[in-house]
Amino acid sequence: MHAPSASLNARRAMHGNNKLQIGLFGVNCSSGRAATLETVTWATGLLALTKRITVFGTVHAPIFNPVVAAKEMVTADHVGEGRFGLNIVVGWNEGEFDMFGVEQRAHEQRYEYAQEWIDVIKMIWSDREDFDFQGKYLAMKGIRGKPKPYGDTRPVIMNAGASPTGQAFAVKNCDAFFLQASRTSLEETAQRVRRAKEAARAQDGEIGCYTVGVVTCRPTKKEAQDYFHHCIVERADWSAVDGILALKDISPQTVPMQEYLTQRSHYAQGMGGLPIVGDPDHVAAQIADLSKAGLTGIAISLVNYIDELPYFIDEVIGRLERLGLRQKVGVD
C-alpha cells in the first residue's frame with residue numbers, strides 16, 4: 001500500500017507548528033549516559049507507542065554498514081509513520097573502534113568516510129535501484145533497498161560536529177545541527193546560529209539549529225540551586241568525569257589548570273550541556289531567550305526524567321505556551 005505523503009518540511013518541523021521545538025536528550029541512557037540501549041531498536045519501540053513525537057536514533061557511521069543501517073532506519077520510519085530521525089556521528093573514542101575491530105581514521109578522513117556513508121544512505125532512500133558505488137572507502141555493487149522511507153521522503157538528519165570540518169559536514173548533509181550554546185553571552189549564541197544558517201544558505205540549503213540544556217527546575221530558585229549543587233558538586237561521579245576527560249586527553253598535564261577545572265565542571269553538568277537552573281519562570285525565560293537567539297529547538301536533559309519531567313511539562317511548557325513558543329497539545 002502506498003503511504004501518504006510526509007513532506008521533508010513537515011519532518012523538519014517535527015510534524016508540528018511550534019516556534020520552538022522541545023526535545024529530550026539521552027533518555028535511552030543511564031549512569032550519566034555511560035550505559036545505553038541500542039538507539040534504532042529503542043527508537044522503533046518508542047515510535048510504536050507514540051503518535052506525534054519524532055524520535056532520533058544515533059548511528060555511528062564507521063561501525064554500521066550503510067546498507068544495513070538504511071534498512072534498519074526505514075523499518076523504524078515505517079513503524080513511526082515518518083517520525084524517525086537520524087543523528088549521525090563519526091566517532092572519536094578509541095575504545096569503541098577497538099571493540100568493533102574498526103579502523104580509527106584521522107580526523108579529516110573520518111568525515112570523508114562519513115560523506116560516502118551518508119551518500120550511500122541517501123541513494124538507497126531515493127528512487128534509485130540496483131546501483132553501484134565506488135568511493136575512496138566504500139566499494140559496493142548492485143545496491144538495492146526496499147521499502148523506501150515512509151511517505152516518499154527521507155528521515156530528518158542531524159549532526160553535532162564541533163570542528164570546522166564537522167560543521168561543514170553538517171551544513172552540507174543535514175537538516176538539523178546541534179551547536180554548543182554560549183554559557184556567557186546570548187549574542188554569542190546568536191552569532192553561532194547565524195553562521196550556521198548563512199553557511200547553509202550559501203549552499204542553497206537551510207538548516208535548523210539546536211542545542212542541549214541541562215535543566216534543574218524547582219518551585220524556588222534556592223531549591224533548584226541546592227539540588228544542582230547536591231548533584232553536580234557534592235555527589236558528582238568525579239572518577240567517571242576524569243575518565244571521560246582522559247579519553248579526550250584533557251588533564252592537568254595537557255591543558256592549563258583553569259581550563260581543566262572548567263572542563264571538569266562542564267562534564268559533571270550533563271556532559272557539557274548548557275545549565276539552566278532555577279524556578280519555572282526563570283527556566284522558561286532562559287529557554288525563551290535561546291529562541292530569540294535563533295535556535296530552532298532545545299533538547300533538555302534532567303537528572304531524573306521520571307521524577308522531574310512531569311513538573312517541567314506542567315510548569316515550564318505552560319509558560320512557553322503563554323509566550324507563544326509552544327502550542328497546547330496532549331503528551332504522547
# chains A, B, ... in the order shown; residues from 1 in each chain; ligands from 1
$ residues_around --residues "region 184-200 of chain A" --least-positions-apart "4" --cutoff "12 Å" --atoms "only C-alpha atoms" --output "NGL selection string"
:A and (160-162 or 164 or 166-180 or 204-211 or 274-275 or 286-297)
$ residues_around --residues "Ala285 (chain A)" --least-positions-apart "6" --cutoff "12 Å" --atoms "only C-alpha atoms" --output "VMD selection string"
chain A and resid 276 to 279 291 to 292 316 to 317 319 to 323 325
$ write_last_selection --atoms "N, CA and C atoms" --output "compact mmCIF listing (two decimals), in the first residue's frame"
# COMPACT_ATOMS: atom_id res chain seq x y z
N ILE A 276 20.66 25.16 32.97
CA ILE A 276 19.54 26.07 33.17
C ILE A 276 18.93 25.72 34.52
N VAL A 277 19.20 26.57 35.51
CA VAL A 277 18.88 26.24 36.90
C VAL A 277 18.01 27.35 37.49
N GLY A 278 16.83 26.96 38.02
CA GLY A 278 16.01 27.98 38.65
C GLY A 278 14.57 27.56 38.80
N ASP A 279 13.71 28.52 39.15
CA ASP A 279 12.28 28.25 39.27
C ASP A 279 11.66 28.25 37.87
N SER A 291 15.41 30.87 22.07
CA SER A 291 14.60 31.03 20.85
C SER A 291 14.88 32.38 20.21
N LYS A 292 14.99 33.44 21.02
CA LYS A 292 15.29 34.77 20.48
C LYS A 292 16.65 34.80 19.80
N VAL A 316 6.83 24.51 33.11
CA VAL A 316 7.63 25.25 32.13
C VAL A 316 6.96 25.29 30.77
N ILE A 317 6.47 24.14 30.30
CA ILE A 317 5.83 24.11 28.98
C ILE A 317 4.64 25.06 28.95
N ARG A 319 4.25 27.83 30.53
CA ARG A 319 4.76 29.20 30.41
C ARG A 319 5.23 29.47 28.98
N LEU A 320 5.85 28.49 28.35
CA LEU A 320 6.29 28.66 26.96
C LEU A 320 5.08 28.77 26.02
N GLU A 321 4.00 28.09 26.35
CA GLU A 321 2.77 28.25 25.57
C GLU A 321 2.26 29.68 25.66
N ARG A 322 2.27 30.22 26.87
CA ARG A 322 1.78 31.59 27.06
C ARG A 322 2.69 32.62 26.40
N LEU A 323 3.95 32.27 26.19
CA LEU A 323 4.90 33.15 25.49
C LEU A 323 4.78 33.02 23.97
N LEU A 325 5.55 30.31 22.20
CA LEU A 325 6.59 29.46 21.64
C LEU A 325 6.14 28.01 21.44
$ closest_residue --among "A:Met99, A:Leu8, A:Val214, A:Leu24" --to "Gly151 (chain A)" --atoms "only C-alpha atoms"
A:Leu8
$ select_by_dssp --residues "region 201-311 of chain A" --states "strand (DSSP E)" --output "VMD selection string"
chain A and resid 208 to 217 274 to 278 297 to 301
$ residues_around --residues "Gln109 (chain A)" --least-positions-apart "3" --cutoff "12 Å" --atoms "only C-alpha atoms" --output "ChimeraX atom specification"
/A:62,90-92,103-106,112-116,136-137,165-166,169
